[in-house]
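Asker: The structure's right below; bear with me while I get my questions together.
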Amino acid sequence: MELRAEIQIKSMIKALTDVVLPAVDPINQLAVEQTRLVIGMLSLMSKQLPIQFQFDRDELQRLLGFAGTLLVDKAEEPGYAGALRQLAEAHRAGAQVLERCLVDPATLLQVVHELRAATSDLVAAVPATNDPALIERVESTVMELSREQLLRDRSLLLPQGWELDPDAIPAIETLLAPLLGAR
Amino acid sequence: MEIRNKDLPSPEWIRSLRERYPIERRVDYLLTRKMERRGGPGYSPLPLTTLVDGVNALLRASLNGANFAVTEARWLSGGASKLQMAFTLDWDRPGVGRERTPLVLRMEPAESIVSTDRLREFQLIKAFEGKVPVPPVFWCDPEGEYLPYPALIYGFAEGNTKPKDSGSGVSGTGIRLSPDLRVKLGRQFVDHLATIHRHDPRDPTLTAFDVPEPGTQSALWGVNWWDRVWEEDGGEEIPLLRVASNWLRRNLPVLDTPSIIHSDYRLGNFLFTEHDAKITAILDWELGQIGDRHQDLAWTTSRTFSGVDDDGTFLVCGMMPERQFFDLYEEATGYTVNAKTVHWYKIYNNFWLASLLIGTGYRVARNGKTHQDVLVTWLMGVGYVALDQMRTQIEEGV
């Protein structure tokens, strides 16, 4: 999916900066200020989004470290002992999640791009084999892959309103249910 | 797997693409110019005074020292690909006398969602003046000699693209016509398309066009054109586009008679006056070329621009059932409609539409090259609908 947040935010900032802000009535100070704030907020988002995952993972890692330090203490007082048990449980759950979060989203996207490019190169190269059966197999495999992926692409873009029959497209939450359920 | 910096293309890479994808000479020139300029700055807002200065320079060169004045300059919206400025020209109009003529400057941004030629647009509209309704076109600056970027100056034509009581989506899709308007506009719609397709493709005024030989050259130029655009502009690879390219190349249709092709002939791209139901101007000639009439027929009958009758029948551009459209067309032109060739061009049209929207749309917005990157980005979403339509059409077979 090429229509990602990075390019959406960039184009929104340009529209607001180049077109909307200069056209806002300077006497309407509230409108001028809020337009500037929206531009600022979008700029902040464009900075945060690419590193948000690493930021959160870094925090989790340090929280686990600090929690580990606190968990060495023993407590007699029932309230504090209960709180320590809760912290120990949260530490165990957090450590398990951290183990599953070692790959960056950027790396995930990079390998998606590499696989797409390698598949495209294969499809582009197959006609030169002059082997009809091989050509058919390669192309039909890509057609099947595309059918599944395009359904998800179209579902993700449903709010744009391009579909002639939007009810025929399953919600993206339904299509991604196995992954969303595993969160 | 080669990694290219498409934002800063090397001369060697540009040369290799030109050799790999032979296309019409003028299209080759435009794509090469686009690539050579890509490393330059993005689009920055231009003050109206810059455009007025450019118009004044163009008119001084075109009107041979005549007395004129450009006034009432203002921005216009509309169109995903070009900047538009309305203004009034006070001048001695040949054959009319002193006149205050309302005009529109239509200028390219730093890099457009579609690289087309103002000279070709100008020549086509001039060629059809008096033959089909076209907007008046006055002057052309094809290389941006006087204006910051290549530009055309148009006059205004009367009418609207939709009835007063109809809504519409982006780029004029989703327009609804009353049964009465369907009948009255429908016949003109077919007749004007017939006139365009019957026009002599060897018209000597059309110097910016190549005429394809009968055979597969026209279709091959088309596939090469959009394969090259995808190579130049596309970001994330889409293997399905490569399958489509293979399929199109294996099944190239044979051109019997070259025709002038409008390439975007549909509801939303012509003006009409509602009181007398008359088409007053056919718009948006920028992708016009000389090629296979089936390209227009496939585009015009696309479901994307269709409407639906009360009984659920799909109507070509909201006007008439497809069978009736083809029958009227055959009657008006004397040409036959080959269903297989229409099918090939339906796949081809989705192929270039997806390449342009997802590939070029991404590239120009990424590099901040237009005056409305936000619209270009928004339109990328249609590309996925076109891709899936194309996939279904390929599955349907030859």
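Please note that chains go A, B, ... in the order of the structure tokens, that every chain numbers its residues from 1, and that ligands are numbered from 1 in the order shown.
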Please, which residues of chain B lie no more than 7 Å from chain A when the count uses only C-alpha atoms, and can they be set out as a list of chain:residue names?
Answerer: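 That gives B:Met1, B:Pro45, B:Glu236, B:Glu237, B:Ile238, B:Pro239, B:Leu240, B:Arg242, B:Val243, B:Ala365, B:Arg366, B:Gln372, B:Asp373, B:Val374, B:Thr377, B:Met380, B:Gly381, B:Val382, B:Tyr384, B:Val385, B:Asp388, B:Arg391 for chain B.
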Asker: Considering only C-alpha atoms, return as a PyMOL selection string whatever protein or nucleic-acid residues lie within 9 Å of range 359-364 of chain B, sequence-local ones (same chain, fewer than 4 positions apart) excluded.
Answerer: (chain A and resi 2-3+7) or (chain B and resi 6-7+42+110-114+229-236+354-355+368-370+373+376-377+379-380)
Asker: Which residue out of A:Ala5, A:Leu180, A:Ala31, A:Ala95 has the minimum interatomic distance to Ser46 in chain A when only C-alpha atoms are used?
Answerer: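 Selected residue with least distance to Ser46 in chain A: A:Ala5.
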Asker: From a DSSP pass on the backbone, collect the residues of range 115-267 of chain B flagged as strand (DSSP E or B) and hand them back as a ChimeraX atom specification.
Answerer: /B:137-141,151-155,160,215,255,259-261
Asker: To test your reading of the structure, identify every residue in range 220-353 of chain B that backbone DSSP assigns to alpha helix (DSSP H), and report it as an mmCIF file with N, CA and C atoms, in the first residue's frame.
Answerer:
data_model
loop_
_atom_site.group_PDB
_atom_site.id
_atom_site.type_symbol
_atom_site.label_atom_id
_atom_site.label_comp_id
_atom_site.auth_asym_id
_atom_site.auth_seq_id
_atom_site.Cartn_x
_atom_site.Cartn_y
_atom_site.Cartn_z
ATOM 1 N N LEU B 220 1.559 -1.122 -29.043
ATOM 2 C CA LEU B 220 2.882 -1.303 -28.433
ATOM 3 C C LEU B 220 3.423 0.026 -27.903
ATOM 4 N N TRP B 221 3.246 1.098 -28.662
ATOM 5 C CA TRP B 221 3.635 2.424 -28.154
ATOM 6 C C TRP B 221 2.958 2.692 -26.804
ATOM 7 N N GLY B 222 1.665 2.324 -26.730
ATOM 8 C CA GLY B 222 0.911 2.571 -25.498
ATOM 9 C C GLY B 222 1.488 1.804 -24.314
ATOM 10 N N VAL B 223 1.726 0.514 -24.501
ATOM 11 C CA VAL B 223 2.246 -0.297 -23.384
ATOM 12 C C VAL B 223 3.636 0.203 -22.995
ATOM 13 N N ASN B 224 4.456 0.537 -23.994
ATOM 14 C CA ASN B 224 5.790 1.058 -23.696
ATOM 15 C C ASN B 224 5.725 2.376 -22.910
ATOM 16 N N TRP B 225 4.794 3.232 -23.316
ATOM 17 C CA TRP B 225 4.627 4.537 -22.658
ATOM 18 C C TRP B 225 4.417 4.332 -21.161
ATOM 19 N N TRP B 226 3.447 3.476 -20.816
ATOM 20 C CA TRP B 226 3.081 3.392 -19.388
ATOM 21 C C TRP B 226 3.991 2.463 -18.607
ATOM 22 N N ASP B 227 4.625 1.514 -19.290
ATOM 23 C CA ASP B 227 5.692 0.751 -18.628
ATOM 24 C C ASP B 227 6.827 1.700 -18.247
ATOM 25 N N ARG B 228 7.138 2.596 -19.158
ATOM 26 C CA ARG B 228 8.230 3.550 -18.897
ATOM 27 C C ARG B 228 7.856 4.510 -17.757
ATOM 28 N N VAL B 229 6.624 4.984 -17.775
ATOM 29 C CA VAL B 229 6.180 5.878 -16.689
ATOM 30 C C VAL B 229 6.278 5.160 -15.344
ATOM 31 N N TRP B 230 5.866 3.893 -15.322
ATOM 32 C CA TRP B 230 5.939 3.143 -14.064
ATOM 33 C C TRP B 230 7.390 2.998 -13.610
ATOM 34 N N GLU B 231 8.290 2.678 -14.557
ATOM 35 C CA GLU B 231 9.709 2.570 -14.223
ATOM 36 C C GLU B 231 10.226 3.888 -13.656
ATOM 37 N N GLU B 232 9.820 4.985 -14.276
ATOM 38 C CA GLU B 232 10.336 6.304 -13.883
ATOM 39 C C GLU B 232 9.799 6.766 -12.532
ATOM 40 N N ASP B 233 8.525 6.454 -12.275
ATOM 41 C CA ASP B 233 7.839 7.104 -11.155
ATOM 42 C C ASP B 233 7.479 6.175 -10.002
ATOM 43 N N PRO B 239 3.594 -6.286 -8.481
ATOM 44 C CA PRO B 239 3.798 -7.377 -9.450
ATOM 45 C C PRO B 239 2.664 -7.527 -10.459
ATOM 46 N N LEU B 240 1.427 -7.193 -10.029
ATOM 47 C CA LEU B 240 0.290 -7.324 -10.941
ATOM 48 C C LEU B 240 0.463 -6.450 -12.192
ATOM 49 N N LEU B 241 1.095 -5.288 -12.034
ATOM 50 C CA LEU B 241 1.321 -4.432 -13.209
ATOM 51 C C LEU B 241 2.243 -5.118 -14.209
ATOM 52 N N ARG B 242 3.192 -5.920 -13.709
ATOM 53 C CA ARG B 242 4.088 -6.645 -14.617
ATOM 54 C C ARG B 242 3.336 -7.768 -15.324
ATOM 55 N N VAL B 243 2.421 -8.414 -14.590
ATOM 56 C CA VAL B 243 1.588 -9.434 -15.232
ATOM 57 C C VAL B 243 0.760 -8.778 -16.338
ATOM 58 N N ALA B 244 0.196 -7.619 -16.018
ATOM 59 C CA ALA B 244 -0.636 -6.910 -17.011
ATOM 60 C C ALA B 244 0.190 -6.530 -18.238
ATOM 61 N N SER B 245 1.397 -6.055 -18.009
ATOM 62 C CA SER B 245 2.259 -5.681 -19.130
ATOM 63 C C SER B 245 2.539 -6.905 -20.004
ATOM 64 N N ASN B 246 2.866 -8.033 -19.382
ATOM 65 C CA ASN B 246 3.081 -9.273 -20.140
ATOM 66 C C ASN B 246 1.839 -9.628 -20.964
ATOM 67 N N TRP B 247 0.682 -9.565 -20.294
ATOM 68 C CA TRP B 247 -0.581 -9.947 -20.957
ATOM 69 C C TRP B 247 -0.855 -9.022 -22.146
ATOM 70 N N LEU B 248 -0.687 -7.726 -21.911
ATOM 71 C CA LEU B 248 -0.957 -6.758 -22.996
ATOM 72 C C LEU B 248 -0.028 -7.008 -24.184
ATOM 73 N N ARG B 249 1.232 -7.282 -23.895
ATOM 74 C CA ARG B 249 2.211 -7.503 -24.973
ATOM 75 C C ARG B 249 1.918 -8.816 -25.730
ATOM 76 N N ARG B 250 1.413 -9.831 -25.021
ATOM 77 C CA ARG B 250 1.098 -11.106 -25.695
ATOM 78 C C ARG B 250 -0.123 -10.992 -26.593
ATOM 79 N N ARG B 293 -9.327 3.719 -32.125
ATOM 80 C CA ARG B 293 -10.614 4.236 -31.613
ATOM 81 C C ARG B 293 -11.144 3.408 -30.431
ATOM 82 N N HIS B 294 -10.744 2.124 -30.389
ATOM 83 C CA HIS B 294 -11.241 1.273 -29.295
ATOM 84 C C HIS B 294 -10.759 1.753 -27.932
ATOM 85 N N GLN B 295 -9.655 2.519 -27.908
ATOM 86 C CA GLN B 295 -9.192 3.059 -26.627
ATOM 87 C C GLN B 295 -10.252 3.989 -26.029
ATOM 88 N N ASP B 296 -10.781 4.891 -26.868
ATOM 89 C CA ASP B 296 -11.845 5.776 -26.383
ATOM 90 C C ASP B 296 -13.099 4.977 -26.034
ATOM 91 N N LEU B 297 -13.443 4.007 -26.881
ATOM 92 C CA LEU B 297 -14.678 3.248 -26.639
ATOM 93 C C LEU B 297 -14.583 2.495 -25.309
ATOM 94 N N ALA B 298 -13.416 1.937 -25.028
ATOM 95 C CA ALA B 298 -13.229 1.215 -23.765
ATOM 96 C C ALA B 298 -13.292 2.173 -22.577
ATOM 97 N N TRP B 299 -12.711 3.351 -22.742
ATOM 98 C CA TRP B 299 -12.690 4.340 -21.651
ATOM 99 C C TRP B 299 -14.098 4.863 -21.377
ATOM 100 N N THR B 300 -14.779 5.251 -22.444
ATOM 101 C CA THR B 300 -16.103 5.864 -22.304
ATOM 102 C C THR B 300 -17.096 4.876 -21.697
ATOM 103 N N GLU B 322 -24.910 0.038 -23.048
ATOM 104 C CA GLU B 322 -23.698 -0.113 -23.849
ATOM 105 C C GLU B 322 -24.003 -0.570 -25.276
ATOM 106 N N ARG B 323 -24.934 -1.510 -25.425
ATOM 107 C CA ARG B 323 -25.247 -2.021 -26.776
ATOM 108 C C ARG B 323 -25.748 -0.881 -27.665
ATOM 109 N N GLN B 324 -26.606 -0.048 -27.098
ATOM 110 C CA GLN B 324 -27.135 1.087 -27.869
ATOM 111 C C GLN B 324 -26.016 2.057 -28.236
ATOM 112 N N PHE B 325 -25.110 2.284 -27.285
ATOM 113 C CA PHE B 325 -23.980 3.194 -27.546
ATOM 114 C C PHE B 325 -23.143 2.686 -28.726
ATOM 115 N N PHE B 326 -22.820 1.393 -28.704
ATOM 116 C CA PHE B 326 -22.005 0.842 -29.794
ATOM 117 C C PHE B 326 -22.770 0.851 -31.122
ATOM 118 N N ASP B 327 -24.063 0.556 -31.077
ATOM 119 C CA ASP B 327 -24.858 0.570 -32.323
ATOM 120 C C ASP B 327 -24.873 1.971 -32.932
ATOM 121 N N LEU B 328 -25.126 2.961 -32.089
ATOM 122 C CA LEU B 328 -25.162 4.344 -32.598
ATOM 123 C C LEU B 328 -23.801 4.747 -33.139
ATOM 124 N N TYR B 329 -22.754 4.331 -32.442
ATOM 125 C CA TYR B 329 -21.392 4.679 -32.859
ATOM 126 C C TYR B 329 -21.082 4.063 -34.224
ATOM 127 N N GLU B 330 -21.421 2.792 -34.388
ATOM 128 C CA GLU B 330 -21.144 2.125 -35.670
ATOM 129 C C GLU B 330 -21.930 2.798 -36.800
ATOM 130 N N GLU B 331 -23.141 3.175 -36.475
ATOM 131 C CA GLU B 331 -23.985 3.844 -37.477
ATOM 132 C C GLU B 331 -23.389 5.209 -37.851
ATOM 133 N N ALA B 332 -22.886 5.936 -36.855
ATOM 134 C CA ALA B 332 -22.370 7.296 -37.100
ATOM 135 C C ALA B 332 -21.000 7.291 -37.781
ATOM 136 N N THR B 333 -20.206 6.269 -37.542
ATOM 137 C CA THR B 333 -18.836 6.273 -38.089
ATOM 138 C C THR B 333 -18.658 5.378 -39.312
ATOM 139 N N ALA B 339 -15.235 -6.379 -30.093
ATOM 140 C CA ALA B 339 -15.373 -6.582 -28.639
ATOM 141 C C ALA B 339 -14.053 -7.001 -27.997
ATOM 142 N N LYS B 340 -13.269 -7.815 -28.721
ATOM 143 C CA LYS B 340 -11.983 -8.259 -28.165
ATOM 144 C C LYS B 340 -11.032 -7.076 -27.988
ATOM 145 N N THR B 341 -11.045 -6.177 -28.974
ATOM 146 C CA THR B 341 -10.155 -5.008 -28.891
ATOM 147 C C THR B 341 -10.627 -4.053 -27.782
ATOM 148 N N VAL B 342 -11.941 -3.921 -27.648
ATOM 149 C CA VAL B 342 -12.463 -3.091 -26.542
ATOM 150 C C VAL B 342 -11.975 -3.672 -25.212
ATOM 151 N N HIS B 343 -12.046 -4.991 -25.099
ATOM 152 C CA HIS B 343 -11.618 -5.644 -23.848
ATOM 153 C C HIS B 343 -10.125 -5.379 -23.595
ATOM 154 N N TRP B 344 -9.306 -5.491 -24.641
ATOM 155 C CA TRP B 344 -7.869 -5.234 -24.490
ATOM 156 C C TRP B 344 -7.666 -3.804 -23.985
ATOM 157 N N TYR B 345 -8.390 -2.859 -24.565
ATOM 158 C CA TYR B 345 -8.199 -1.460 -24.152
ATOM 159 C C TYR B 345 -8.781 -1.170 -22.770
ATOM 160 N N LYS B 346 -9.760 -1.950 -22.339
ATOM 161 C CA LYS B 346 -10.240 -1.759 -20.959
ATOM 162 C C LYS B 346 -9.118 -2.125 -19.982
ATOM 163 N N ILE B 347 -8.409 -3.210 -20.293
ATOM 164 C CA ILE B 347 -7.276 -3.595 -19.440
ATOM 165 C C ILE B 347 -6.159 -2.551 -19.559
ATOM 166 N N TYR B 348 -5.893 -2.135 -20.773
ATOM 167 C CA TYR B 348 -4.848 -1.119 -21.011
ATOM 168 C C TYR B 348 -5.182 0.186 -20.259
ATOM 169 N N ASN B 349 -6.438 0.606 -20.334
ATOM 170 C CA ASN B 349 -6.817 1.868 -19.679
ATOM 171 C C ASN B 349 -6.621 1.785 -18.164
ATOM 172 N N ASN B 350 -6.996 0.655 -17.577
ATOM 173 C CA ASN B 350 -6.772 0.500 -16.139
ATOM 174 C C ASN B 350 -5.286 0.399 -15.822
ATOM 175 N N PHE B 351 -4.548 -0.193 -16.743
ATOM 176 C CA PHE B 351 -3.087 -0.323 -16.586
ATOM 177 C C PHE B 351 -2.446 1.069 -16.510
ATOM 178 N N TRP B 352 -2.795 1.950 -17.443
ATOM 179 C CA TRP B 352 -2.148 3.272 -17.406
ATOM 180 C C TRP B 352 -2.709 4.136 -16.284
ATOM 181 N N LEU B 353 -4.001 3.935 -15.994
ATOM 182 C CA LEU B 353 -4.598 4.740 -14.921
ATOM 183 C C LEU B 353 -3.945 4.398 -13.578
#
Asker: Find the residues near range 177-179 of chain B: any atom within 8 Å, counting only C-alpha atoms, skip ones fewer than 3 places away on the same chain, and give them as a list in words.
Answerer: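 Counting only the stated atoms, we get Lys162, Pro163, Ser166, Arg182, Val183, Gly318 and Met319 of chain B.
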Asker: Could those residues be written to a file, using N, CA and C atoms, as a CSV table (one decimal), in the first residue's frame?
Answerer:
chain,number,residue,atom,x,y,z
B,162,LYS,N,-22.4,19.4,-15.3
B,162,LYS,CA,-23.5,18.6,-14.7
B,162,LYS,C,-24.8,19.4,-14.5
B,163,PRO,N,-25.9,18.7,-14.4
B,163,PRO,CA,-27.1,19.5,-14.2
B,163,PRO,C,-27.1,20.2,-12.8
B,166,SER,N,-27.6,17.9,-9.7
B,166,SER,CA,-26.8,16.7,-9.5
B,166,SER,C,-25.6,17.0,-8.7
B,182,ARG,N,-30.6,12.5,-20.8
B,182,ARG,CA,-29.9,11.3,-21.3
B,182,ARG,C,-30.1,11.2,-22.8
B,183,VAL,N,-31.4,11.3,-23.2
B,183,VAL,CA,-31.7,11.1,-24.6
B,183,VAL,C,-31.1,12.2,-25.4
B,318,GLY,N,-23.9,7.4,-17.9
B,318,GLY,CA,-25.2,7.7,-17.4
B,318,GLY,C,-26.2,8.1,-18.5
B,319,MET,N,-25.9,7.7,-19.8
B,319,MET,CA,-26.7,8.1,-20.9
B,319,MET,C,-27.5,7.0,-21.5
Asker: So, counting only C-alpha atoms, which residue among B:Ala281, B:Ile196, B:Pro94, B:Gln217 is closest to Pro22 in chain B?
Answerer: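 Between B:Ala281, B:Ile196, B:Pro94, B:Gln217, the residue approaching Pro22 in chain B most closely is B:Gln217.
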Asker: So that I can see what lies close to range 67-77 of chain A, please list as a PyMOL selection string the residues with an atom at most 12 Å from it, counting only C-alpha atoms and leaving out residues fewer than 2 positions away in the same chain.
Answerer: chain A and resi 59-65+79-92+94-95
Asker: Could you work out how far CA of Val55 in chain B lies from CA of Ala73 in chain B, giving the answer in Å with one decimal?
Answerer: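 Computing the Euclidean distance for CA of Ala73 in chain B and CA of Val55 in chain B yields 10.5 Å.
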